[in-house]
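File shown: input_26.cif (mmCIF, C-alpha atoms).
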```cif
data_input
loop_
_atom_site.label_atom_id
_atom_site.label_comp_id
_atom_site.auth_asym_id
_atom_site.auth_seq_id
_atom_site.Cartn_x
_atom_site.Cartn_y
_atom_site.Cartn_z
CA MET A 144 10.23 -11.90 -27.27
CA ARG A 145 12.36 -11.55 -24.15
CA GLN A 146 11.38 -7.89 -23.84
CA LEU A 147 7.69 -8.83 -24.04
CA ALA A 148 8.18 -11.60 -21.50
CA ARG A 149 9.88 -9.25 -19.02
CA ARG A 150 6.79 -7.05 -19.13
CA GLY A 151 4.37 -9.92 -18.60
CA LEU A 152 2.93 -9.56 -22.09
CA LEU A 153 3.33 -13.16 -23.27
CA GLU A 154 1.02 -16.10 -22.64
CA TYR A 155 2.40 -19.64 -22.47
CA ARG A 156 0.66 -22.75 -23.82
CA LEU A 157 1.06 -26.18 -22.27
CA ALA A 158 -0.25 -28.80 -24.70
CA ARG A 159 -0.65 -32.58 -24.80
CA ALA A 160 2.09 -34.18 -26.83
CA ALA A 161 -0.32 -36.61 -28.48
CA ASP A 162 -2.66 -34.18 -30.23
CA ALA A 163 -1.19 -30.72 -29.45
CA SER A 164 -4.44 -29.68 -27.75
CA ASP A 165 -4.04 -27.16 -24.96
CA LEU A 166 -4.05 -28.35 -21.37
CA VAL A 167 -3.66 -24.90 -19.85
CA VAL A 168 -2.69 -21.43 -20.97
CA VAL A 169 -0.56 -19.50 -18.49
CA GLU A 170 -1.37 -15.78 -18.16
CA PRO A 171 1.33 -13.83 -16.24
CA GLN A 172 0.01 -11.41 -13.63
CA THR A 173 3.39 -9.89 -12.71
CA PRO A 174 6.07 -8.60 -15.11
CA ASP A 175 8.78 -10.91 -13.75
CA TYR A 176 6.85 -14.20 -13.92
CA TRP A 177 8.48 -16.94 -15.97
CA PRO A 178 7.07 -20.50 -16.10
CA ARG A 179 9.43 -23.27 -15.02
CA THR A 180 9.03 -27.04 -14.88
CA PRO A 181 11.47 -28.49 -12.33
CA LYS A 182 12.13 -32.24 -12.26
CA LEU A 183 9.59 -34.28 -10.30
CA ASP A 184 10.45 -36.63 -7.44
CA ASP A 185 8.19 -39.70 -7.63
CA ALA A 186 8.51 -40.22 -3.86
CA ALA A 187 7.31 -36.70 -3.06
CA THR A 188 3.82 -36.12 -1.65
CA VAL A 189 1.92 -33.08 -2.90
CA VAL A 190 -1.39 -31.41 -2.15
CA LEU A 191 -3.38 -28.49 -3.51
CA SER A 192 -2.55 -25.19 -1.83
CA ARG A 193 -5.28 -23.87 0.46
CA PHE A 194 -4.94 -20.54 -1.34
CA ALA A 195 -5.72 -22.04 -4.77
CA TYR A 196 -9.18 -21.71 -6.27
CA LEU A 197 -10.98 -22.49 -9.53
CA ARG A 198 -13.54 -20.04 -10.88
CA ARG A 199 -15.48 -19.03 -13.99
CA ARG A 200 -14.24 -16.01 -15.92
CA GLY A 201 -16.60 -15.26 -18.77
CA THR A 202 -16.87 -18.62 -20.51
CA GLU A 203 -13.50 -19.90 -19.23
CA MET A 204 -12.32 -21.67 -16.10
CA VAL A 205 -9.23 -20.22 -14.45
CA LEU A 206 -7.06 -21.56 -11.65
CA GLU A 207 -5.57 -18.89 -9.40
CA SER A 208 -3.83 -18.20 -6.11
CA PRO A 209 -2.88 -14.86 -4.53
CA ARG A 210 0.59 -16.35 -3.98
CA VAL A 211 1.18 -16.90 -7.70
CA GLY A 212 2.42 -14.42 -10.28
CA ALA A 213 0.24 -16.02 -12.97
CA LEU A 214 -3.17 -17.59 -13.49
CA LEU A 215 -3.86 -20.76 -15.46
CA ARG A 216 -6.66 -20.92 -18.01
CA ILE A 217 -7.95 -24.49 -17.83
CA CYS A 218 -8.61 -25.94 -21.28
CA ASP A 219 -9.05 -29.64 -20.47
CA GLU A 220 -11.89 -30.78 -18.21
CA ARG A 221 -9.82 -33.71 -16.93
CA ILE A 222 -7.59 -31.25 -15.07
CA ALA A 223 -10.54 -30.27 -12.85
CA ALA A 224 -10.91 -33.91 -11.87
CA LEU A 225 -7.20 -34.10 -11.06
CA LEU A 226 -7.46 -31.01 -8.86
CA THR A 227 -10.28 -32.66 -6.92
CA ILE A 228 -8.05 -35.66 -6.21
CA LEU A 229 -5.24 -33.34 -5.13
CA ALA A 230 -7.38 -31.89 -2.34
CA THR A 231 -5.87 -34.71 -0.29
CA PRO A 232 -2.11 -35.42 -0.23
CA GLN A 233 -1.00 -37.69 -3.08
CA LYS A 234 2.33 -39.24 -4.03
CA ILE A 235 3.66 -38.22 -7.44
CA SER A 236 4.10 -41.91 -8.31
CA ARG A 237 0.38 -42.53 -7.73
CA ILE A 238 -0.67 -39.49 -9.77
CA ARG A 239 1.33 -40.82 -12.73
CA ARG A 240 -0.84 -43.96 -12.76
CA LEU A 241 -4.16 -42.12 -12.90
CA ASP A 242 -6.33 -42.31 -16.02
CA GLY A 243 -5.96 -39.13 -18.01
CA TYR A 244 -2.62 -38.27 -16.41
CA PRO A 245 -1.73 -34.93 -18.04
CA GLY A 246 2.03 -35.51 -17.99
CA PRO A 247 4.87 -34.31 -15.77
CA ALA A 248 5.07 -30.78 -17.21
CA LEU A 249 1.73 -29.71 -15.73
CA LEU A 250 2.54 -31.07 -12.27
CA SER A 251 5.96 -29.40 -12.39
CA LEU A 252 4.38 -26.12 -13.40
CA LEU A 253 1.82 -26.31 -10.58
CA LEU A 254 4.56 -27.08 -8.06
CA ASP A 255 6.77 -24.26 -9.30
CA CYS A 256 3.98 -21.69 -9.01
CA GLN A 257 2.84 -23.01 -5.61
CA ILE A 258 -0.59 -24.16 -6.72
CA LEU A 259 0.70 -27.50 -5.44
CA ILE A 260 2.88 -27.76 -2.35
CA LYS A 261 5.06 -30.58 -1.04
CA VAL A 262 4.04 -32.01 2.34
CA ASP A 263 5.31 -34.58 4.81
CA ALA A 264 3.15 -37.67 4.34
CA ALA A 265 3.85 -38.65 7.95
CA LYS A 266 2.30 -35.41 9.25
CA PRO A 267 -1.14 -35.09 7.61
CA ASP A 268 -2.36 -32.69 10.31
CA THR A 269 0.19 -29.99 9.50
CA LEU A 270 -1.02 -28.93 6.05
CA ARG A 271 -1.46 -25.29 7.07
CA GLN A 272 2.08 -25.12 8.45
CA ALA A 273 3.43 -26.77 5.28
CA GLU A 274 2.04 -23.96 3.14
CA GLY A 275 4.98 -21.66 3.76
CA ASP A 276 6.48 -19.43 6.42
CA ASP A 277 4.82 -18.31 9.65
CA GLY A 278 3.56 -15.19 7.90
CA LEU A 279 1.44 -17.30 5.54
CA VAL A 280 0.20 -19.52 8.36
CA LEU A 281 -1.44 -16.45 9.89
CA TRP A 282 -3.48 -15.63 6.76
CA ASP A 283 -7.02 -16.82 6.07
CA PHE A 284 -7.76 -17.59 2.41
CA HIS A 285 -10.24 -14.77 1.81
CA ASP A 286 -8.01 -12.15 3.48
CA LEU A 287 -4.92 -12.89 1.36
CA LEU A 288 -7.04 -13.00 -1.79
CA PHE A 289 -8.64 -9.64 -0.98
CA HIS A 290 -5.25 -8.08 -0.27
CA ALA A 291 -3.64 -9.33 -3.48
CA ARG A 292 -6.59 -8.61 -5.78
CA SER A 293 -7.51 -5.14 -4.47
CA THR A 294 -4.00 -3.73 -4.92
CA GLU A 295 -1.51 -3.35 -7.74
CA GLY A 296 1.55 -5.49 -8.25
CA ARG A 297 0.32 -9.09 -8.15
CA GLN A 298 -2.54 -9.09 -10.64
CA ALA A 299 -2.97 -7.81 -14.19
CA SER A 300 -6.66 -6.89 -14.13
CA PRO A 301 -7.56 -3.21 -14.57
CA LEU A 302 -8.36 -1.39 -11.35
CA GLY A 303 -9.28 2.10 -10.22
CA GLY A 304 -11.82 4.66 -11.38
CA LEU A 305 -12.70 3.04 -14.72
CA TYR A 306 -16.50 3.39 -14.53
CA PRO A 307 -16.95 -0.24 -15.65
CA HIS A 308 -20.76 -0.23 -15.46
CA THR A 309 -21.39 2.84 -17.60
CA GLY A 310 -24.27 2.12 -19.97
CA LEU A 311 -25.34 -0.94 -17.98
CA ILE A 312 -26.49 0.38 -14.61
CA ALA A 313 -27.46 3.94 -13.71
CA PRO A 314 -25.29 5.63 -11.05
CA LEU A 315 -26.81 5.87 -7.58
CA PRO A 316 -27.83 9.36 -6.42
CA ALA A 317 -25.44 11.22 -4.10
CA ILE A 318 -28.14 11.48 -1.40
CA ARG A 319 -30.19 8.46 -0.45
CA PRO A 320 -33.92 8.84 -1.08
CA ALA A 321 -35.74 9.57 2.17
CA TRP A 322 -37.54 6.77 3.96
CA PRO A 323 -41.33 7.12 3.99
CA GLY A 324 -43.09 7.91 7.25
CA LYS A 325 -42.84 10.49 9.96
CA THR A 326 -39.81 12.81 9.86
CA ILE A 327 -38.43 14.53 12.97
CA LYS A 328 -36.65 17.74 12.07
CA LEU A 329 -33.54 18.20 14.22
CA PRO A 330 -32.71 21.60 15.74
CA GLU A 331 -29.95 23.63 14.12
CA SER A 332 -26.62 23.61 15.94
CA ASP A 333 -24.89 26.66 17.41
CA PRO A 334 -23.40 28.70 14.54
CA ILE A 335 -20.26 29.28 16.66
CA ALA A 336 -18.17 26.28 15.59
CA SER A 337 -15.78 24.47 17.91
CA PRO A 338 -12.14 24.12 16.79
CA LEU A 339 -12.83 20.52 15.78
CA ASP A 340 -15.93 21.49 13.83
CA GLN A 341 -13.94 24.20 12.07
CA LEU A 342 -11.20 21.73 11.24
CA LEU A 343 -13.67 19.23 9.81
CA HIS A 344 -15.17 21.91 7.58
CA GLU A 345 -11.77 23.07 6.35
CA ARG A 346 -10.53 19.59 5.54
CA HIS A 347 -10.25 18.84 1.81
CA SER A 348 -8.07 16.87 -0.58
CA THR A 349 -5.06 18.70 -2.01
CA ARG A 350 -3.65 17.38 -5.28
CA GLU A 351 -1.33 20.23 -6.29
CA PHE A 352 1.68 21.16 -4.17
CA ASP A 353 3.87 24.27 -4.18
CA ASP A 354 7.39 23.04 -4.85
CA GLN A 355 8.70 26.59 -4.44
CA LYS A 356 7.61 26.42 -0.79
CA PRO A 357 8.13 22.79 0.23
CA ILE A 358 7.11 21.32 3.54
CA THR A 359 9.90 21.62 6.14
CA LEU A 360 11.45 18.95 8.34
CA ALA A 361 10.11 20.76 11.42
CA GLU A 362 6.57 20.65 10.01
CA LEU A 363 6.96 16.99 9.10
CA SER A 364 8.14 16.27 12.65
CA MET A 365 5.08 17.99 14.15
CA PHE A 366 2.84 16.15 11.71
CA LEU A 367 4.21 12.68 12.53
CA ASN A 368 4.24 13.42 16.26
CA SER A 369 0.55 14.31 16.13
CA VAL A 370 -0.65 11.41 13.99
CA ALA A 371 1.33 8.33 14.87
CA ARG A 372 3.86 8.68 17.70
CA VAL A 373 3.78 6.07 20.45
CA ARG A 374 2.38 7.65 23.62
CA ALA A 375 2.56 4.67 25.97
CA LYS A 376 3.68 1.02 26.05
CA TRP A 377 2.63 -1.92 28.22
CA SER A 378 2.10 -5.67 28.15
CA SER A 379 -0.57 -7.94 29.54
CA PRO A 380 -1.29 -11.69 29.67
CA LEU A 381 -3.28 -13.43 26.96
CA GLU A 382 -7.04 -13.20 27.49
CA PHE A 383 -8.92 -16.33 28.60
CA ALA A 384 -5.73 -18.33 29.17
CA ASP A 385 -3.48 -18.98 32.15
CA ASP A 386 -0.40 -20.15 30.27
CA GLY A 387 -0.34 -17.86 27.23
CA PRO A 388 2.36 -15.35 26.37
CA ASP A 389 2.33 -11.73 27.46
CA ILE A 390 1.30 -9.46 24.59
CA GLU A 391 2.84 -6.04 23.99
CA TYR A 392 0.58 -3.06 23.35
CA THR A 393 1.00 0.63 22.58
CA SER A 394 -1.16 3.72 22.61
CA ARG A 395 -1.09 6.21 19.73
CA PRO A 396 -3.14 9.26 18.73
CA TYR A 397 -5.67 7.29 16.66
CA PRO A 398 -7.76 4.27 17.75
CA ALA A 399 -6.87 0.79 16.48
CA ALA A 400 -8.52 -2.63 16.61
CA GLY A 401 -7.48 -4.47 19.74
CA SER A 402 -4.78 -1.86 20.40
CA ALA A 403 -2.67 -3.85 17.93
CA TYR A 404 -1.44 -0.76 16.03
CA GLU A 405 -0.30 -2.86 13.11
CA LEU A 406 0.12 0.12 10.77
CA GLU A 407 3.54 1.52 9.88
CA LEU A 408 4.39 4.69 7.95
CA TYR A 409 6.95 4.73 5.12
CA LEU A 410 7.84 8.06 3.52
CA ALA A 411 8.99 8.60 -0.05
CA VAL A 412 10.45 12.11 0.14
CA ALA A 413 10.85 14.18 -3.02
CA ASN A 414 10.89 17.76 -1.71
CA CYS A 415 11.21 18.56 2.00
CA ALA A 416 13.36 21.43 3.25
CA GLY A 417 15.98 20.01 5.61
CA LEU A 418 15.54 16.36 4.59
CA THR A 419 17.45 14.50 1.87
CA PRO A 420 15.18 12.95 -0.78
CA GLY A 421 14.82 9.22 -0.35
CA PHE A 422 12.79 6.49 1.29
CA TYR A 423 12.30 6.37 5.07
CA HIS A 424 10.51 4.42 7.78
CA TYR A 425 8.98 6.37 10.64
CA ASP A 426 9.99 4.87 13.99
CA ALA A 427 6.93 5.81 16.03
CA ASP A 428 8.58 4.88 19.32
CA ALA A 429 11.83 6.81 18.88
CA HIS A 430 10.17 9.57 16.82
CA ALA A 431 12.84 9.22 14.15
CA LEU A 432 13.18 8.56 10.43
CA ALA A 433 15.24 5.53 9.39
CA ALA A 434 16.64 5.81 5.86
CA ILE A 435 16.13 2.73 3.67
CA ASP A 436 18.52 2.12 0.78
CA VAL A 437 16.40 1.72 -2.34
CA ARG A 438 16.84 2.14 -6.06
CA PRO A 439 15.99 5.70 -7.21
CA GLN A 440 13.88 4.32 -10.06
CA HIS A 441 11.69 2.49 -7.56
CA VAL A 442 11.00 5.71 -5.64
CA GLU A 443 10.32 7.46 -8.94
CA ALA A 444 7.88 4.72 -9.99
CA MET A 445 6.06 4.98 -6.65
CA MET A 446 5.81 8.76 -6.96
CA GLN A 447 4.65 8.69 -10.57
CA SER A 448 1.99 6.12 -9.76
CA ALA A 449 0.70 8.30 -6.91
CA GLY A 450 0.54 11.36 -9.16
CA PHE A 451 -1.39 9.38 -11.76
CA ALA A 452 -3.80 8.01 -9.14
CA MET A 453 -4.53 11.55 -7.89
CA ASP A 454 -4.88 12.88 -11.43
CA ALA A 455 -2.34 15.51 -10.36
CA PRO A 456 0.00 17.51 -12.62
CA SER A 457 3.04 16.34 -10.65
CA PRO A 458 3.98 13.93 -7.83
CA PRO A 459 3.55 15.02 -4.19
CA GLN A 460 6.34 16.44 -2.03
CA ILE A 461 6.04 13.47 0.34
CA LEU A 462 4.21 10.21 -0.28
CA ILE A 463 3.28 8.28 2.85
CA THR A 464 2.72 4.56 2.39
CA ILE A 465 0.62 3.01 5.15
CA ALA A 466 1.84 -0.56 5.54
CA ALA A 467 0.44 -3.27 7.80
CA ARG A 468 2.31 -5.84 9.84
CA PHE A 469 -0.44 -8.35 9.17
CA GLY A 470 0.50 -10.77 11.91
CA ARG A 471 -0.24 -8.20 14.63
CA ILE A 472 -3.93 -8.54 13.75
CA SER A 473 -4.27 -12.07 12.37
CA TRP A 474 -2.54 -13.64 15.40
CA LYS A 475 -5.63 -12.68 17.42
CA TYR A 476 -8.54 -12.26 15.00
CA ARG A 477 -9.92 -14.85 12.63
CA ALA A 478 -12.12 -14.18 9.56
CA ILE A 479 -12.15 -10.41 10.21
CA ALA A 480 -8.42 -9.65 10.34
CA TYR A 481 -8.07 -7.86 6.99
CA ALA A 482 -11.38 -6.05 7.46
CA LEU A 483 -10.10 -4.68 10.77
CA ILE A 484 -6.89 -3.52 9.10
CA LEU A 485 -8.84 -1.56 6.50
CA LYS A 486 -10.97 0.03 9.22
CA ASP A 487 -7.76 1.11 10.97
CA VAL A 488 -6.50 2.58 7.68
CA GLY A 489 -9.67 4.66 7.43
CA VAL A 490 -9.27 5.97 10.97
CA LEU A 491 -5.60 6.82 10.40
CA THR A 492 -6.37 8.49 7.06
CA GLN A 493 -8.87 10.84 8.68
CA THR A 494 -6.27 11.64 11.34
CA LEU A 495 -3.70 12.42 8.63
CA TYR A 496 -6.19 14.75 6.94
CA LEU A 497 -7.12 16.63 10.11
CA VAL A 498 -3.55 17.12 11.34
CA ALA A 499 -2.40 18.27 7.89
CA THR A 500 -5.26 20.78 7.81
CA ASP A 501 -4.46 21.98 11.32
CA LEU A 502 -0.80 22.59 10.34
CA GLY A 503 -1.74 24.46 7.18
CA LEU A 504 -0.54 21.62 4.95
CA GLY A 505 -2.26 19.80 2.11
CA GLY A 506 -3.01 16.10 1.92
CA CYS A 507 -4.78 13.59 -0.30
CA ALA A 508 -5.65 9.95 0.31
CA ILE A 509 -4.76 7.58 -2.55
CA GLY A 510 -6.80 4.46 -3.19
CA THR A 511 -4.16 2.27 -4.83
CA ALA A 512 -0.74 0.89 -3.89
CA ASN A 513 1.69 -1.49 -5.56
CA ILE A 514 2.42 -4.29 -3.11
CA ASP A 515 5.04 -5.90 -5.37
CA LEU A 516 7.00 -2.65 -5.75
CA PHE A 517 6.97 -2.12 -1.98
CA ALA A 518 8.26 -5.66 -1.49
CA LYS A 519 11.16 -5.00 -3.86
CA MET A 520 12.02 -1.74 -2.08
CA THR A 521 11.95 -3.15 1.45
CA GLY A 522 12.89 -6.78 0.92
CA LEU A 523 9.76 -7.79 2.87
CA ASP A 524 7.46 -10.56 1.62
CA PHE A 525 4.14 -9.12 0.49
CA HIS A 526 2.25 -11.28 3.00
CA VAL A 527 4.42 -10.25 5.98
CA GLU A 528 4.24 -6.46 5.74
CA GLY A 529 2.78 -4.51 2.86
CA PRO A 530 0.87 -1.42 1.68
CA VAL A 531 -2.78 -0.98 2.59
CA GLY A 532 -3.06 2.76 1.86
CA GLN A 533 -1.22 5.87 0.72
CA PHE A 534 -1.39 9.58 1.55
CA ALA A 535 0.16 12.50 -0.33
CA LEU A 536 1.52 15.32 1.86
CA GLY A 537 3.00 18.73 1.22
CA ARG A 538 2.34 22.44 1.07
CA GLY A 539 -0.65 23.01 -1.16
CA MET A 540 -0.78 25.61 -3.88
CA GLU A 541 -2.48 28.79 -2.70
CA SER A 542 -5.78 29.48 -4.39
CA PRO A 543 -5.67 32.46 -6.74
CA PRO A 544 -7.50 35.57 -5.45
CA ALA A 545 -11.14 35.78 -6.48
CA GLY A 546 -12.20 38.25 -9.12
#
```
Mind converting the file's structure to structure tokens?
Amino acid sequence: MRQLARRGLLEYRLARAADASDLVVVEPQTPDYWPRTPKLDDAATVVLSRFAYLRRRGTEMVLESPRVGALLRICDERIAALLTILATPQKISRIRRLDGYPGPALLSLLLDCQILIKVDAAKPDTLRQAEGDDGLVLWDFHDLLFHARSTEGRQASPLGGLYPHTGLIAPLPAIRPAWPGKTIKLPESDPIASPLDQLLHERHSTREFDDQKPITLAELSMFLNSVARVRAKWSSPLEFADDGPDIEYTSRPYPAAGSAYELELYLAVANCAGLTPGFYHYDADAHALAAIDVRPQHVEAMMQSAGFAMDAPSPPQILITIAARFGRISWKYRAIAYALILKDVGVLTQTLYLVATDLGLGGCAIGTANIDLFAKMTGLDFHVEGPVGQFALGRGMESPPAG
């Protein structure tokens, strides 16, 4: 049973003592989740987390939060009424006197998994700040939910190329049907391609790498210098304010929203001539690699996951994790912060592809990343800095001669 629990394969029932009917069923979303019911303080004031939400899943109601390593399947309709009351701060002693009080175990469970949070009753206007650290204060609800539910590590739902609508909806055609009406045929371009045009045509995804001829440290240096190195630094006062702080900016080879350049590169190195295998952070200002002490099995898990995602016969020579310092964007932008980060990831990914092609290297973008594994490797909270993309890099296998 303990082995199953460590892998997140057990569900936990919380039932009413009177009739043994289920109140909630706890479904772990992370392997290391374990339900706990700490002792309640009657004088404490609690409120529903702003990241918590109740939704329909099939014919069930589930209570979730991107902060929590589990979801709660709601089995008693009176709990929904309690959650409505908890939208405003309530003392534990008052909740105990409510009709249909579900018992202390449920409240303890909700507090432990941060569906409920403790607040200062004397400061009702600071609910957002009471949610957690400054990193969480900077997140909007929909952004944190999107980040946690579109990546691996903090949710147990299947994800990736699973073709979930096969047999239900026909696939869309590769080319959009032409609009009706007059068509203006554009003139053909000059057949003599520019270097950029040639590069764009040569770009392709490489999933197999030649481990007999690994990428070299010199090539990796040229690659990182061309894609991400800081070219200039400056600071300027806050816009539209006379008393705001000065904000630091940089310039790098690719464009970024608001010149925030929130993206960082972390390298899991398996096979690079002149570089010891391990896990590194690329210091874009100093143009240097900083070694990070991690468990070898964590690097192996990251590499194996990347190989599986690419449907490749073996892991890449170097796996680049694109991580975001979320506060660089969300400190300025509201409602669109995470969307801007993903746009920046797309721009950087194209840059990675083009520079790899120009250097005669192979690369492949990877659509998944495990945010919980990255947090364990770096010691960074998943909401402070975490993966938003990955890119495999190395020397591609040469195509066999035709014929």
Using the chain letters and numbers from the file, which residues does the PyMOL selection byres ((chain A and resi 189) around 8) grab, as a list in words?
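In the shown coordinates, the PyMOL selection byres ((chain A and resi 189) around 8) covers Ala187, Thr188, Val190, Leu191, Leu229, Pro232, Gln233, Lys234, Ile235, Leu259, Ile260, Lys261 and Val262 of chain A.
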For the PyMOL selection byres ((chain A and resi 507) around 7), applied here, can you spell out every residue it catches as a PyMOL selection string?
chain A and resi 348-350+506+508-509+534-536
Non-local contacts of Gly510 of chain A (12 Å; all atoms listed in the file; under 6 positions in same chain excluded) as JSON, numbers by chain:
{"A": [293, 294, 295, 302, 303, 304, 448, 449, 450, 451, 452, 453, 454, 464, 465, 485, 488, 489, 492, 530, 531, 532, 533, 534, 535]}
Evaluate the PyMOL selection byres ((chain A and resi 265-271) around 9) against this structure - the residues, as number ranges by chain, please.
A: 190, 192-193, 232, 262-264, 272-275, 279-280
Give me, please, the distance in Å between atom CA of Leu305 of chain A and atom CA of Gln440 of chain A, quoted to one decimal.
27.0 Å
What does the structure give for the distance between atom CA of Ala413 of chain A and atom CA of Ala291 of chain A, in Å to one decimal?
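Interatomic distance, atom CA of Ala413 of chain A to atom CA of Ala291 of chain A: 27.6 Å.
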Kindly indicate which residue among A:Leu225, A:Ile461, A:Val211, A:Leu363 lies nearest to Met445 of chain A, using all atoms listed in the file for the distances.
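The answer is A:Ile461, which sits nearest to Met445 of chain A.
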For segment 313-320 of chain A, supply all heavy atoms and format the output as a short mmCIF file (atom, residue, chain, number, x, y, z; two decimals), in the frame of the given file.
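Output (out22.cif):
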```
data_model
loop_
_atom_site.label_atom_id
_atom_site.label_comp_id
_atom_site.auth_asym_id
_atom_site.auth_seq_id
_atom_site.Cartn_x
_atom_site.Cartn_y
_atom_site.Cartn_z
N ALA A 313 -27.49 2.51 -14.01
CA ALA A 313 -27.46 3.94 -13.71
C ALA A 313 -26.72 4.21 -12.41
O ALA A 313 -26.79 3.40 -11.48
CB ALA A 313 -28.89 4.48 -13.61
N PRO A 314 -25.99 5.31 -12.30
CA PRO A 314 -25.29 5.63 -11.05
C PRO A 314 -26.29 5.93 -9.93
O PRO A 314 -27.36 6.50 -10.18
CB PRO A 314 -24.46 6.85 -11.40
CG PRO A 314 -25.17 7.48 -12.56
CD PRO A 314 -25.77 6.35 -13.34
N LEU A 315 -25.95 5.57 -8.72
CA LEU A 315 -26.81 5.87 -7.58
C LEU A 315 -26.75 7.36 -7.27
O LEU A 315 -25.72 8.01 -7.47
CB LEU A 315 -26.37 5.08 -6.35
CG LEU A 315 -26.53 3.55 -6.42
CD1 LEU A 315 -25.97 2.91 -5.15
CD2 LEU A 315 -27.98 3.16 -6.61
N PRO A 316 -27.84 7.94 -6.77
CA PRO A 316 -27.83 9.36 -6.42
C PRO A 316 -26.89 9.63 -5.25
O PRO A 316 -26.62 8.75 -4.43
CB PRO A 316 -29.29 9.65 -6.05
CG PRO A 316 -29.85 8.32 -5.62
CD PRO A 316 -29.15 7.31 -6.48
N ALA A 317 -26.37 10.86 -5.17
CA ALA A 317 -25.44 11.22 -4.10
C ALA A 317 -26.12 11.15 -2.73
O ALA A 317 -25.47 10.80 -1.73
CB ALA A 317 -24.89 12.62 -4.35
N ILE A 318 -27.40 11.50 -2.66
CA ILE A 318 -28.14 11.48 -1.40
C ILE A 318 -29.21 10.39 -1.47
O ILE A 318 -29.97 10.33 -2.43
CB ILE A 318 -28.81 12.85 -1.12
CG1 ILE A 318 -27.72 13.93 -1.00
CG2 ILE A 318 -29.66 12.80 0.14
CD1 ILE A 318 -28.26 15.33 -0.84
N ARG A 319 -29.22 9.56 -0.45
CA ARG A 319 -30.19 8.46 -0.45
C ARG A 319 -31.61 8.98 -0.39
O ARG A 319 -31.91 9.90 0.38
CB ARG A 319 -29.93 7.57 0.77
CG ARG A 319 -30.67 6.25 0.70
CD ARG A 319 -30.70 5.54 2.03
NE ARG A 319 -31.26 4.22 1.90
CZ ARG A 319 -32.56 3.96 1.71
NH1 ARG A 319 -33.44 4.95 1.66
NH2 ARG A 319 -32.98 2.70 1.57
N PRO A 320 -32.52 8.42 -1.18
CA PRO A 320 -33.92 8.84 -1.08
C PRO A 320 -34.45 8.65 0.34
O PRO A 320 -34.11 7.67 1.01
CB PRO A 320 -34.64 7.90 -2.06
CG PRO A 320 -33.58 7.50 -3.04
CD PRO A 320 -32.31 7.43 -2.25
#
```
